[in-house]
Amino acid sequence: MHENADKDALSRGALGSLRRYIVDAGLKPGDRLPPERELAEKLGVSRNTLREALRALRVIGVLARRPKHGSYLQSVDLSVMADVSRFMMVRSASDLNKLFAARRVLEVSMLPLVAQNAQPGHYEGMEEAIRSMEAEIDNGGVGTEQDMLFHQTLLSATDNHFLSQFGSLLQEYFRDPRTREVRDGQELRAGLGDHKNLVKLLRAGEVEKAQEVMERHLDNYVRRGVVKGRALGDG
């Protein structure tokens, strides 16, 4: 047991050193890490310990290994990170409820930043997502991917990459509930109407009204029983 604990501590230490090296070296997606022997020497760890750290980064999608070429940084696939962290974090309905509360706080409170920082291309992206979702619903689908794209474009419009990344990760947690739900066309079109109204209000700078629309829109998860809580205006 003590030996395993020591090994885990070494791996975590190597992972922290590797992260600092990547940041200090200014490496970005597409850049290659030095060969293992050289990198282990730079970090002052054994090659076996380094391999554990590299393996951890590959699991969450930060690194990709190319045969005969070594390890490369890549853009993080948030769906992979969500799958990994969901296994560890979301183990009960209570966990999902708390994640929903976090998502509601974030997506409502971010709207002033959207109104302040959104560029024409962001609004065009939202409108394109709405059109794609409408076409998907017309063809009998539920428009899960298009719905997520709309919310992710809103996040991007904050011009804050921390909010955007954290919010996009929260979006991924709700991919399965979106997909599994059975909703009729009328309900789907009501959600689509919320999206259209959000774009209209944000373009006009009517932030408080947009926040009310977003609260009611997200609280449909409560009304449909996907999560537990108290929806706006209920009770």
# chains A, B, ... in the order shown; residues from 1 in each chain; ligands from 1
call {"tool": "residues_around", "arguments": {"residues": "Arg51 (chain A)", "least_positions_apart": "5", "cutoff": "12 Å", "atoms": "only C-alpha atoms", "output": "list in words"}}
result
Leu10, Ser11, Arg12, Ala14, Leu15, Leu18, Pro35, Glu36, Arg37, Leu39, Ala40, Val45, Ser46, Ala56, Leu57, Arg58, Leu63, Arg65, Gly70 and Ser71 of chain A
call {"tool": "closest_atom_pairs", "arguments": {"of": "region 141-172 of chain A", "to": "region 184-202 of chain A", "cutoff": "12 Å", "atoms": "only C-alpha atoms", "output": "tab-separated table"}}
result
residue	atom	partner	partner_atom	distance
A:Gly141	CA	A:Gly185	CA	9.0
A:Val142	CA	A:Leu188	CA	7.0
A:Gly143	CA	A:Leu188	CA	8.5
A:Thr144	CA	A:Leu188	CA	10.2
A:Gln146	CA	A:Leu192	CA	10.3
A:Asp147	CA	A:Leu192	CA	8.5
A:Met148	CA	A:His195	CA	11.3
A:Leu149	CA	A:His195	CA	11.4
A:Phe150	CA	A:His195	CA	7.8
A:His151	CA	A:His195	CA	9.0
A:Thr153	CA	A:Val199	CA	11.1
A:Leu154	CA	A:Val199	CA	9.3
A:Ala157	CA	A:Leu202	CA	11.0
A:Thr158	CA	A:Leu202	CA	11.9
call {"tool": "select_by_dssp", "arguments": {"residues": "region 8-230 of chain A", "states": "helix (DSSP H, G or I)", "output": "PyMOL selection string"}}
result
chain A and resi 8-24+36-43+47-59+78-89+93-109+111-117+120-138+144-156+161-173+175-180+185-203+207-218+220-223
call {"tool": "residues_around", "arguments": {"residues": "Glu212 (chain A)", "least_positions_apart": "4", "cutoff": "12 Å", "atoms": "only C-alpha atoms", "output": "MDAnalysis selection string"}}
result
chainID A and resid 104 107:109 111 194 197:198 201:202 206:208 216:219 231:233
call {"tool": "closest_residue", "arguments": {"among": "A:Ile60, A:Leu163, A:Leu99, A:Ala129", "to": "Gln74 (chain A)", "atoms": "only C-alpha atoms"}}
result
A:Ile60
call {"tool": "decode", "arguments": {"residues": "region 92-139 of chain A", "atoms": "N, CA and C atoms", "output": "compact mmCIF listing (two decimals), in the first residue's frame"}}
result
# COMPACT_ATOMS: atom_id res chain seq x y z
N SER A 92 -24.69 10.22 -9.05
CA SER A 92 -26.05 10.15 -8.53
C SER A 92 -26.89 11.27 -9.13
N ALA A 93 -28.21 11.16 -8.90
CA ALA A 93 -29.11 12.22 -9.36
C ALA A 93 -28.78 13.53 -8.65
N SER A 94 -28.35 13.44 -7.39
CA SER A 94 -28.00 14.64 -6.64
C SER A 94 -26.83 15.37 -7.30
N ASP A 95 -25.85 14.61 -7.81
CA ASP A 95 -24.72 15.23 -8.49
C ASP A 95 -25.19 15.99 -9.73
N LEU A 96 -26.09 15.37 -10.50
CA LEU A 96 -26.60 16.02 -11.71
C LEU A 96 -27.38 17.28 -11.34
N ASN A 97 -28.13 17.22 -10.25
CA ASN A 97 -28.87 18.40 -9.79
C ASN A 97 -27.92 19.57 -9.51
N LYS A 98 -26.80 19.26 -8.84
CA LYS A 98 -25.85 20.30 -8.50
C LYS A 98 -25.14 20.84 -9.74
N LEU A 99 -24.86 19.95 -10.69
CA LEU A 99 -24.28 20.41 -11.95
C LEU A 99 -25.24 21.32 -12.69
N PHE A 100 -26.51 20.97 -12.65
CA PHE A 100 -27.52 21.82 -13.30
C PHE A 100 -27.56 23.19 -12.65
N ALA A 101 -27.50 23.23 -11.32
CA ALA A 101 -27.50 24.52 -10.62
C ALA A 101 -26.31 25.36 -11.05
N ALA A 102 -25.14 24.72 -11.20
CA ALA A 102 -23.94 25.43 -11.66
C ALA A 102 -24.14 25.94 -13.07
N ARG A 103 -24.72 25.12 -13.93
CA ARG A 103 -24.95 25.55 -15.31
C ARG A 103 -25.92 26.71 -15.38
N ARG A 104 -26.98 26.66 -14.57
CA ARG A 104 -27.97 27.72 -14.60
C ARG A 104 -27.35 29.04 -14.14
N VAL A 105 -26.57 29.00 -13.05
CA VAL A 105 -25.91 30.22 -12.57
C VAL A 105 -25.00 30.79 -13.66
N LEU A 106 -24.21 29.92 -14.29
CA LEU A 106 -23.24 30.39 -15.27
C LEU A 106 -23.93 30.97 -16.51
N GLU A 107 -24.89 30.25 -17.06
CA GLU A 107 -25.47 30.69 -18.35
C GLU A 107 -26.37 31.90 -18.20
N VAL A 108 -26.94 32.10 -17.02
CA VAL A 108 -27.74 33.31 -16.80
C VAL A 108 -26.82 34.50 -16.52
N SER A 109 -25.84 34.31 -15.65
CA SER A 109 -24.99 35.43 -15.25
C SER A 109 -24.01 35.86 -16.33
N MET A 110 -23.77 35.02 -17.34
CA MET A 110 -22.82 35.39 -18.38
C MET A 110 -23.43 36.31 -19.44
N LEU A 111 -24.75 36.44 -19.46
CA LEU A 111 -25.41 37.16 -20.56
C LEU A 111 -25.01 38.63 -20.66
N PRO A 112 -24.74 39.35 -19.56
CA PRO A 112 -24.22 40.71 -19.74
C PRO A 112 -22.92 40.75 -20.54
N LEU A 113 -22.05 39.76 -20.33
CA LEU A 113 -20.82 39.70 -21.11
C LEU A 113 -21.09 39.41 -22.58
N VAL A 114 -22.09 38.57 -22.84
CA VAL A 114 -22.46 38.29 -24.23
C VAL A 114 -22.93 39.57 -24.91
N ALA A 115 -23.84 40.29 -24.27
CA ALA A 115 -24.36 41.53 -24.85
C ALA A 115 -23.25 42.54 -25.07
N GLN A 116 -22.26 42.55 -24.18
CA GLN A 116 -21.16 43.51 -24.27
C GLN A 116 -20.14 43.14 -25.34
N ASN A 117 -19.86 41.84 -25.48
CA ASN A 117 -18.71 41.41 -26.28
C ASN A 117 -19.04 40.68 -27.58
N ALA A 118 -20.28 40.28 -27.76
CA ALA A 118 -20.62 39.49 -28.95
C ALA A 118 -20.34 40.28 -30.23
N GLN A 119 -19.74 39.60 -31.20
CA GLN A 119 -19.48 40.16 -32.52
C GLN A 119 -20.56 39.68 -33.50
N PRO A 120 -20.69 40.36 -34.64
CA PRO A 120 -21.69 39.91 -35.61
C PRO A 120 -21.59 38.42 -35.95
N GLY A 121 -20.36 37.91 -36.02
CA GLY A 121 -20.18 36.49 -36.34
C GLY A 121 -20.78 35.57 -35.29
N HIS A 122 -20.77 36.00 -34.03
CA HIS A 122 -21.39 35.19 -32.98
C HIS A 122 -22.90 35.09 -33.19
N TYR A 123 -23.52 36.22 -33.48
CA TYR A 123 -24.97 36.20 -33.70
C TYR A 123 -25.31 35.38 -34.95
N GLU A 124 -24.47 35.51 -35.97
CA GLU A 124 -24.70 34.70 -37.17
C GLU A 124 -24.58 33.22 -36.85
N GLY A 125 -23.62 32.86 -35.98
CA GLY A 125 -23.47 31.47 -35.57
C GLY A 125 -24.68 30.97 -34.80
N MET A 126 -25.21 31.80 -33.90
CA MET A 126 -26.41 31.42 -33.16
C MET A 126 -27.59 31.21 -34.10
N GLU A 127 -27.75 32.12 -35.06
CA GLU A 127 -28.87 32.02 -35.99
C GLU A 127 -28.75 30.80 -36.89
N GLU A 128 -27.53 30.46 -37.27
CA GLU A 128 -27.30 29.27 -38.08
C GLU A 128 -27.64 28.02 -37.27
N ALA A 129 -27.28 28.01 -35.99
CA ALA A 129 -27.61 26.87 -35.13
C ALA A 129 -29.13 26.74 -35.00
N ILE A 130 -29.82 27.87 -34.89
CA ILE A 130 -31.28 27.85 -34.80
C ILE A 130 -31.89 27.28 -36.08
N ARG A 131 -31.39 27.73 -37.24
CA ARG A 131 -31.93 27.21 -38.51
C ARG A 131 -31.68 25.71 -38.64
N SER A 132 -30.49 25.27 -38.24
CA SER A 132 -30.16 23.84 -38.33
C SER A 132 -31.03 23.03 -37.39
N MET A 133 -31.26 23.56 -36.19
CA MET A 133 -32.11 22.86 -35.23
C MET A 133 -33.55 22.77 -35.74
N GLU A 134 -34.02 23.85 -36.34
CA GLU A 134 -35.38 23.86 -36.88
C GLU A 134 -35.53 22.81 -37.98
N ALA A 135 -34.53 22.73 -38.85
CA ALA A 135 -34.57 21.74 -39.93
C ALA A 135 -34.55 20.31 -39.36
N GLU A 136 -33.76 20.10 -38.32
CA GLU A 136 -33.68 18.79 -37.68
C GLU A 136 -35.03 18.40 -37.07
N ILE A 137 -35.68 19.35 -36.41
CA ILE A 137 -37.00 19.08 -35.81
C ILE A 137 -38.02 18.79 -36.90
N ASP A 138 -37.96 19.56 -38.00
CA ASP A 138 -38.88 19.33 -39.12
C ASP A 138 -38.75 17.92 -39.68
N ASN A 139 -37.54 17.36 -39.57
CA ASN A 139 -37.29 16.01 -40.09
C ASN A 139 -37.51 14.92 -39.02
